[in-house]
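Next comes upload27.tsv, with TSV, C-alpha atoms and all ligand atoms.
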```tsv
chain	number	residue	atom	x	y	z
A	1	MET	CA	110.65	83.97	111.58
A	2	ARG	CA	108.00	85.51	109.41
A	3	ILE	CA	108.47	88.19	106.80
A	4	ARG	CA	106.02	90.86	107.92
A	5	LYS	CA	106.79	93.55	105.39
A	6	ALA	CA	106.42	93.36	101.63
A	7	VAL	CA	107.62	96.02	99.22
A	8	PHE	CA	105.90	96.60	95.87
A	9	PRO	CA	107.85	98.82	93.47
A	10	VAL	CA	105.07	100.25	91.30
A	11	ALA	CA	106.56	103.46	89.98
A	12	GLY	CA	107.39	102.19	86.46
A	13	LEU	CA	105.84	104.04	83.54
A	14	GLY	CA	104.40	100.99	81.80
A	15	THR	CA	105.32	102.33	78.38
A	16	ARG	CA	104.84	98.91	76.77
A	17	PHE	CA	101.12	99.21	77.42
A	18	LEU	CA	100.50	102.72	76.16
A	19	PRO	CA	97.96	104.15	75.66
A	20	ALA	CA	96.26	101.92	78.29
A	21	THR	CA	98.77	103.11	80.89
A	22	LYS	CA	98.60	106.81	80.08
A	23	ALA	CA	96.34	107.57	83.04
A	24	ILE	CA	96.31	104.34	85.04
A	25	ALA	CA	99.07	102.29	86.57
A	26	LYS	CA	100.16	99.22	84.62
A	27	GLU	CA	99.78	97.25	87.86
A	28	MET	CA	96.05	98.03	87.74
A	29	LEU	CA	95.59	96.18	84.45
A	30	PRO	CA	93.30	93.24	85.19
A	31	ILE	CA	93.89	89.55	84.69
A	32	VAL	CA	90.25	88.62	84.05
A	33	ASP	CA	88.71	90.65	86.90
A	34	LYS	CA	91.49	91.35	89.38
A	35	PRO	CA	94.28	93.88	88.91
A	36	LEU	CA	97.83	92.54	88.76
A	37	ILE	CA	98.77	94.33	91.96
A	38	GLN	CA	96.05	92.50	93.84
A	39	TYR	CA	97.48	89.11	92.86
A	40	ALA	CA	100.86	90.31	94.13
A	41	VAL	CA	99.38	91.58	97.39
A	42	GLN	CA	97.47	88.34	97.95
A	43	GLU	CA	100.65	86.37	97.41
A	44	ALA	CA	102.46	88.46	100.02
A	45	ILE	CA	99.61	88.12	102.51
A	46	SER	CA	99.44	84.37	101.97
A	47	ALA	CA	103.13	84.26	102.94
A	48	GLY	CA	102.39	86.16	106.16
A	49	ALA	CA	102.89	89.82	105.23
A	50	GLU	CA	100.91	92.32	107.26
A	51	GLU	CA	102.48	95.59	106.14
A	52	LEU	CA	102.42	96.44	102.45
A	53	ILE	CA	104.78	99.14	101.27
A	54	PHE	CA	104.08	100.55	97.82
A	55	ILE	CA	106.74	102.62	96.10
A	56	THR	CA	104.67	104.70	93.73
A	57	GLY	CA	105.13	107.33	91.07
A	58	ARG	CA	102.92	109.64	89.07
A	59	SER	CA	99.57	108.29	87.78
A	60	LYS	CA	99.56	105.66	90.49
A	61	ASN	CA	96.72	107.06	92.58
A	62	SER	CA	94.48	104.27	91.34
A	63	ILE	CA	96.61	101.81	93.34
A	64	MET	CA	96.12	103.85	96.48
A	65	ASP	CA	92.38	104.05	95.81
A	66	HIS	CA	92.19	100.31	95.15
A	67	PHE	CA	93.52	99.45	98.60
A	68	ASP	CA	91.54	102.16	100.36
A	69	LYS	CA	88.17	101.58	101.97
A	70	ALA	CA	85.39	102.38	99.47
A	71	TYR	CA	82.66	103.69	101.80
A	72	GLU	CA	80.25	104.85	99.10
A	73	LEU	CA	80.53	101.68	97.06
A	74	GLU	CA	80.23	99.46	100.12
A	75	THR	CA	77.17	101.32	101.44
A	76	GLU	CA	75.53	101.13	98.04
A	77	LEU	CA	76.17	97.39	97.71
A	78	GLU	CA	75.00	96.84	101.28
A	79	GLN	CA	71.74	98.71	100.67
A	80	ARG	CA	71.10	96.75	97.49
A	81	GLY	CA	71.78	93.46	99.29
A	82	LYS	CA	74.67	92.57	96.99
A	83	GLU	CA	76.46	90.46	99.57
A	84	LYS	CA	78.74	88.61	97.15
A	85	LEU	CA	80.05	91.79	95.55
A	86	LEU	CA	80.45	93.39	98.95
A	87	ALA	CA	82.64	90.50	100.06
A	88	ILE	CA	84.76	90.82	96.89
A	89	VAL	CA	85.30	94.52	97.59
A	90	ARG	CA	86.13	93.95	101.25
A	91	GLU	CA	88.55	91.10	100.52
A	92	VAL	CA	90.84	93.46	98.64
A	93	LEU	CA	92.52	94.33	101.91
A	94	PRO	CA	91.96	91.82	104.72
A	95	PRO	CA	91.66	93.10	108.31
A	96	GLY	CA	94.96	93.54	110.12
A	97	VAL	CA	96.88	94.39	106.93
A	98	THR	CA	98.12	97.96	106.56
A	99	CYS	CA	99.41	99.90	103.56
A	100	ILE	CA	102.14	102.50	103.31
A	101	PHE	CA	102.66	104.56	100.17
A	102	ILE	CA	106.00	106.17	99.41
A	103	ARG	CA	106.48	108.35	96.39
A	104	GLN	CA	109.58	107.72	94.30
A	105	ALA	CA	110.05	111.17	92.84
A	106	GLU	CA	112.42	110.13	90.06
A	107	ALA	CA	112.36	106.87	88.12
A	108	LEU	CA	115.95	105.88	88.93
A	109	GLY	CA	115.43	102.12	88.77
A	110	LEU	CA	114.40	99.12	90.82
A	111	GLY	CA	117.31	99.45	93.26
A	112	HIS	CA	116.40	103.04	93.96
A	113	ALA	CA	112.73	102.10	94.44
A	114	VAL	CA	113.70	99.48	97.03
A	115	LEU	CA	115.95	102.00	98.77
A	116	CYS	CA	112.94	104.34	99.07
A	117	ALA	CA	111.30	101.65	101.25
A	118	TRP	CA	114.05	101.79	103.89
A	119	PRO	CA	112.28	104.17	106.33
A	120	ALA	CA	109.22	101.90	106.32
A	121	VAL	CA	111.08	98.58	106.44
A	122	GLY	CA	113.66	99.56	109.04
A	123	ASP	CA	115.97	96.89	110.34
A	124	GLU	CA	114.16	93.68	109.46
A	125	ASP	CA	114.12	91.12	106.68
A	126	PHE	CA	111.51	91.87	104.04
A	127	SER	CA	110.21	90.77	100.67
A	128	VAL	CA	110.02	92.52	97.30
A	129	ILE	CA	107.39	91.57	94.75
A	130	LEU	CA	107.24	92.81	91.17
A	131	ALA	CA	103.59	92.67	90.18
A	132	ASP	CA	104.51	92.37	86.48
A	133	ASP	CA	105.69	88.85	87.17
A	134	LEU	CA	102.46	87.01	87.83
A	135	ILE	CA	103.21	83.57	89.23
A	136	ASP	CA	100.75	80.74	89.45
A	137	GLY	CA	102.43	78.74	92.19
A	138	LYS	CA	100.06	75.78	91.71
A	139	LEU	CA	100.28	74.06	95.12
A	140	ARG	CA	101.70	77.02	97.04
A	141	PRO	CA	102.26	80.67	96.08
A	142	CYS	CA	105.84	81.46	95.05
A	143	LEU	CA	106.59	83.73	98.00
A	144	ALA	CA	105.27	81.14	100.45
A	145	GLN	CA	107.63	78.59	98.84
A	146	MET	CA	110.50	81.04	99.29
A	147	GLN	CA	109.47	81.71	102.87
A	148	ARG	CA	110.01	78.00	103.60
A	149	VAL	CA	113.54	78.21	102.24
A	150	TYR	CA	114.12	81.38	104.26
A	151	GLN	CA	112.88	79.68	107.41
A	152	GLU	CA	115.26	76.79	106.89
A	153	TYR	CA	118.38	78.78	105.98
A	154	GLY	CA	117.68	82.22	107.52
A	155	THR	CA	119.25	84.11	104.60
A	156	SER	CA	118.20	86.17	101.59
A	157	VAL	CA	116.40	84.17	98.90
A	158	ILE	CA	115.73	85.22	95.31
A	159	ALA	CA	113.43	83.44	92.88
A	160	VAL	CA	114.93	82.17	89.64
A	161	GLN	CA	113.73	80.36	86.56
A	162	LYS	CA	115.42	78.84	83.53
A	163	VAL	CA	114.74	80.92	80.44
A	164	PRO	CA	115.65	80.40	76.77
A	165	LYS	CA	119.01	81.80	75.71
A	166	GLU	CA	117.45	84.36	73.36
A	167	GLU	CA	115.59	85.95	76.28
A	168	ILE	CA	118.34	85.91	78.90
A	169	SER	CA	119.51	89.48	78.28
A	170	SER	CA	116.18	90.86	79.62
A	171	TYR	CA	116.92	89.60	83.12
A	172	GLY	CA	119.20	89.52	86.10
A	173	VAL	CA	121.14	86.28	85.68
A	174	VAL	CA	122.79	84.16	88.38
A	175	GLU	CA	125.57	81.64	88.59
A	176	VAL	CA	125.04	79.30	91.51
A	177	GLN	CA	126.74	76.63	93.54
A	178	PRO	CA	124.17	73.86	94.14
A	179	VAL	CA	122.94	73.46	97.72
A	180	ALA	CA	119.92	71.18	97.25
A	181	PRO	CA	117.65	70.30	94.31
A	182	GLY	CA	116.35	73.59	92.91
A	183	LEU	CA	118.42	75.61	95.36
A	184	GLY	CA	121.84	77.16	94.96
A	185	GLU	CA	124.07	79.76	96.54
A	186	VAL	CA	124.52	82.78	94.31
A	187	ARG	CA	128.18	83.08	93.25
A	188	ARG	CA	127.64	85.75	90.64
A	189	ILE	CA	124.73	87.89	89.55
A	190	VAL	CA	124.63	90.23	86.55
A	191	GLU	CA	121.88	92.54	85.33
A	192	LYS	CA	120.83	92.13	81.71
A	193	PRO	CA	124.04	90.56	80.36
A	194	LYS	CA	124.59	90.06	76.65
A	195	LYS	CA	123.54	86.59	75.54
A	196	GLU	CA	127.16	85.51	75.13
A	197	ASP	CA	128.19	86.86	78.55
A	198	ALA	CA	125.33	85.34	80.58
A	199	PRO	CA	126.75	83.14	83.35
A	200	SER	CA	123.87	80.64	83.05
A	201	ASP	CA	120.27	80.28	81.89
A	202	LEU	CA	118.91	81.00	85.37
A	203	ALA	CA	117.05	84.31	85.35
A	204	VAL	CA	115.90	86.26	88.37
A	205	VAL	CA	112.13	86.75	88.48
A	206	GLY	CA	110.35	89.37	90.53
A	207	ARG	CA	110.39	87.81	94.01
A	208	TYR	CA	113.06	88.57	96.60
A	209	ILE	CA	113.45	88.00	100.34
A	210	LEU	CA	116.22	90.30	101.51
A	211	THR	CA	118.03	91.29	104.68
A	212	PRO	CA	118.12	95.04	105.50
A	213	ARG	CA	121.84	95.04	104.69
A	214	ILE	CA	120.72	95.63	101.11
A	215	PHE	CA	119.77	99.25	101.95
A	216	LYS	CA	123.31	100.22	102.98
A	217	LEU	CA	124.59	98.63	99.79
A	218	LEU	CA	121.97	100.32	97.63
A	219	GLU	CA	123.06	103.66	99.03
A	220	ARG	CA	126.40	103.21	97.34
A	221	THR	CA	125.28	101.36	94.23
A	222	PRO	CA	126.22	103.37	91.14
A	223	ARG	CA	123.98	103.52	88.10
A	224	GLY	CA	124.25	100.30	86.13
A	225	ALA	CA	122.42	98.72	83.18
A	226	GLY	CA	120.13	101.20	81.43
A	227	GLY	CA	121.59	104.04	83.53
A	228	GLU	CA	119.49	102.87	86.49
A	229	ILE	CA	120.32	101.93	90.07
A	230	GLN	CA	119.92	98.18	89.88
A	231	LEU	CA	118.87	95.91	92.74
A	232	THR	CA	120.92	93.19	91.05
A	233	ASP	CA	124.12	95.25	91.49
A	234	ALA	CA	123.47	95.67	95.22
A	235	ILE	CA	122.82	91.92	95.53
A	236	SER	CA	126.12	91.37	93.73
A	237	MET	CA	127.84	93.31	96.53
A	238	MET	CA	125.81	91.49	99.17
A	239	ILE	CA	127.04	88.04	98.13
A	240	GLN	CA	130.54	89.13	99.20
A	241	GLU	CA	129.26	89.49	102.77
A	242	GLN	CA	126.22	87.24	103.19
A	243	THR	CA	124.75	84.09	101.73
A	244	VAL	CA	122.11	84.71	99.08
A	245	LEU	CA	120.18	81.70	97.83
A	246	ALA	CA	118.63	81.30	94.40
A	247	TYR	CA	115.48	79.23	94.48
A	248	GLU	CA	113.87	77.64	91.41
A	249	PHE	CA	110.21	77.93	92.34
A	250	GLU	CA	107.48	75.54	91.30
A	251	GLY	CA	104.82	77.07	89.14
A	252	THR	CA	104.22	79.08	86.00
A	253	ARG	CA	105.30	82.65	85.57
A	254	TYR	CA	103.63	85.08	83.21
A	255	ASP	CA	105.60	88.10	82.11
A	256	CYS	CA	102.75	90.59	82.35
A	257	GLY	CA	105.14	93.41	81.51
A	258	SER	CA	104.82	92.23	77.90
A	259	LYS	CA	101.67	92.18	75.80
A	260	LEU	CA	102.04	88.51	74.91
A	261	GLY	CA	102.66	87.39	78.51
A	262	TYR	CA	99.73	89.50	79.66
A	263	LEU	CA	97.41	87.92	77.08
A	264	LYS	CA	98.60	84.42	77.98
A	265	ALA	CA	97.86	85.09	81.65
A	266	ASN	CA	94.38	86.31	80.80
A	267	VAL	CA	93.68	83.20	78.76
A	268	GLU	CA	95.02	80.78	81.40
A	269	TYR	CA	93.30	82.51	84.31
A	270	GLY	CA	90.14	82.83	82.21
A	271	LEU	CA	90.10	79.09	81.53
A	272	LYS	CA	90.04	78.25	85.22
A	273	HIS	CA	87.88	81.14	86.38
A	274	PRO	CA	84.97	79.75	88.47
A	275	GLU	CA	82.40	82.02	86.85
A	276	ILE	CA	83.32	82.01	83.17
A	277	GLY	CA	85.88	79.18	82.85
A	278	GLU	CA	83.60	76.64	81.23
A	279	GLU	CA	82.06	78.97	78.69
A	280	PHE	CA	85.44	80.49	77.87
A	281	THR	CA	86.88	77.01	77.28
A	282	GLN	CA	84.12	76.26	74.79
A	283	TYR	CA	84.70	79.58	73.12
A	284	LEU	CA	88.45	78.98	72.77
A	285	LYS	CA	87.82	75.53	71.32
A	286	GLY	CA	85.73	77.24	68.66
A	287	VAL	CA	88.45	79.80	67.99
A	288	SER	CA	91.15	77.15	67.73
A	289	GLY	CA	88.91	75.21	65.35
A	290	ASP	CA	88.61	78.32	63.19
A	291	LEU	CA	92.38	78.81	63.31
A	292	ASN	CA	92.98	75.21	62.25
A	293	SER	CA	90.71	75.63	59.29
A	294	LEU	CA	92.55	78.82	58.39
A	295	ALA	CA	96.01	77.23	58.31
A	296	PRO	CA	95.68	75.04	55.18
A	297	LYS	CA	94.01	77.89	53.26
A	298	GLU	CA	96.94	80.16	54.05
A	299	LYS	CA	99.27	77.46	52.78
A	300	LYS	CA	97.35	77.12	49.51
A	301	GLN	CA	97.47	80.85	48.96
A	302	GLY	CA	101.25	80.85	49.67
B	401	LIG	C1	113.81	93.50	86.85
B	401	LIG	C2	115.15	93.16	87.48
B	401	LIG	C3	115.76	91.91	86.80
B	401	LIG	C4	114.76	90.77	86.87
B	401	LIG	C5	113.40	91.19	86.29
B	401	LIG	C6	112.36	90.11	86.52
B	401	LIG	O1	114.03	93.90	85.52
B	401	LIG	O2	116.03	94.25	87.34
B	401	LIG	O3	116.95	91.55	87.43
B	401	LIG	O4	115.28	89.66	86.18
B	401	LIG	O5	112.92	92.40	86.91
B	401	LIG	O6	111.14	90.45	85.92
B	401	LIG	P1	112.93	94.70	84.64
B	401	LIG	O7	111.97	93.66	84.15
B	401	LIG	O8	112.28	95.69	85.57
B	401	LIG	O9	113.69	95.33	83.54
```
Could you show the structure in this file as structure tokens?
Amino acid sequence: MRIRKAVFPVAGLGTRFLPATKAIAKEMLPIVDKPLIQYAVQEAISAGAEELIFITGRSKNSIMDHFDKAYELETELEQRGKEKLLAIVREVLPPGVTCIFIRQAEALGLGHAVLCAWPAVGDEDFSVILADDLIDGKLRPCLAQMQRVYQEYGTSVIAVQKVPKEEISSYGVVEVQPVAPGLGEVRRIVEKPKKEDAPSDLAVVGRYILTPRIFKLLERTPRGAGGEIQLTDAISMMIQEQTVLAYEFEGTRYDCGSKLGYLKANVEYGLKHPEIGEEFTQYLKGVSGDLNSLAPKEKKQG
């Protein structure tokens, strides 16, 4: 069983990155030299996806252009003999992978965005990837790790991660019954609970493998946290009918929906970038040296 279809909800306004996101999609912001959405797409493809379904909104044409064939650019690079660059451009969408774009007319929330994918997904299990959550899966991409769990148990799987208590109210939070190390059956799931009401410190991150049952449930999911139709609320109904597993993935997640997380990702990916990694490392060593020499001075002044 392979998950062939991956859904990318990309209709969010990206207000936390204004003015950068006034005219371009937040998912097009680069981590070093690749846009966030491309990392997400590569992760899906590495887990076997061959149909990519983007749920888009206004100002998201750049995403469509990014995954389109760039005839002019390719011809130009070909004529100039820029083989390496040509390969980079062509790798954006490997052969055999197709894209579908669906416009979410109103920003009614993640659950609503996923529901918009129903006509393209149909009656099969599928994945959802939130490009904001960039995950360096180290040995294996996060979705490929989840795919293994899915293959073994044949049920919905959502990715979770322990987060500090002060941050818990920014997430969907699960309470689980342990099944195996790092794996539990979801007993309860709540969207953005208050710190004191959170059922655990296990937060949902932006990777889901879901059965199509979710669509029927989303159809009758009322508006929840933030006045939006929440995927979490539909999953909460789903656990009454089907097993949903919460999987603690191996790897590092960067919250690229926040400025700090985005900067951290750029630094980490910059450090190991084949082209600039070494020089960037030297540069950062210099910067940290400067910062160290700053610290005592600040103290003296204080
Ligand atoms: C969404 C989901 C939330 C999840 C989070 C992960 O929230 O609704 O359950 O924990 O993604 O990034 P958002 O970040 O869109 O508010």
Taking 3 positions as the minimum chain separation for residues in the same chain, which residues sit within 9 Å of A:Ala265 when counting only C-alpha atoms? Answer as a VMD selection string. chain A and resid 31 to 32 134 253 to 256 260 to 262 268 to 270
Mind working out the centre and edge lengths of an axis-aligned box for ligand LIG 401 (chain B), all listed atoms inside, 5 Å added to each side, rounded to one decimal in Å and written as JSON?
```
{"center_x": 114.0, "center_y": 92.7, "center_z": 85.5, "size_x": 15.8, "size_y": 16.0, "size_z": 13.9}
```
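Listed by chain and then residue number, the contacts of ligand LIG 401 (chain B) are Asp133, Tyr171, Gly172, Glu191, Ala203, Val204, Val205, Gly206 and Thr232 of chain A (distance at most 6 Å, using all atoms listed in the file).
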Export, as a PDB file, in the frame of the given file, the selected residues with C-alpha atoms.
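Final output, saved to again.pdb:
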```
ATOM      1  CA  ASP A 133     105.690  88.850  87.170  1.00  0.00           C
ATOM      2  CA  TYR A 171     116.920  89.600  83.120  1.00  0.00           C
ATOM      3  CA  GLY A 172     119.200  89.520  86.100  1.00  0.00           C
ATOM      4  CA  GLU A 191     121.880  92.540  85.330  1.00  0.00           C
ATOM      5  CA  ALA A 203     117.050  84.310  85.350  1.00  0.00           C
ATOM      6  CA  VAL A 204     115.900  86.260  88.370  1.00  0.00           C
ATOM      7  CA  VAL A 205     112.130  86.750  88.480  1.00  0.00           C
ATOM      8  CA  GLY A 206     110.350  89.370  90.530  1.00  0.00           C
ATOM      9  CA  THR A 232     120.920  93.190  91.050  1.00  0.00           C
TER      10      THR A 232
END
```
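With all atoms listed in the file taken into account, the protein and nucleic acid residues at most 7 Å from A:Thr252 (excluding it and anything under 5 positions from it in its own chain) are Ile135, Asp136 and Gly137 of chain A.
We find atom CA of A:Tyr153 and atom CA of A:Gly182 to be spaced 14.2 Å apart.
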With only C-alpha atoms as the counted atoms, please give the residues lying no more than 7 Å from stretch 97-100 of chain A, apart from itself and same-chain residues fewer than 5 positions off, as number ranges by chain. A: 50-54
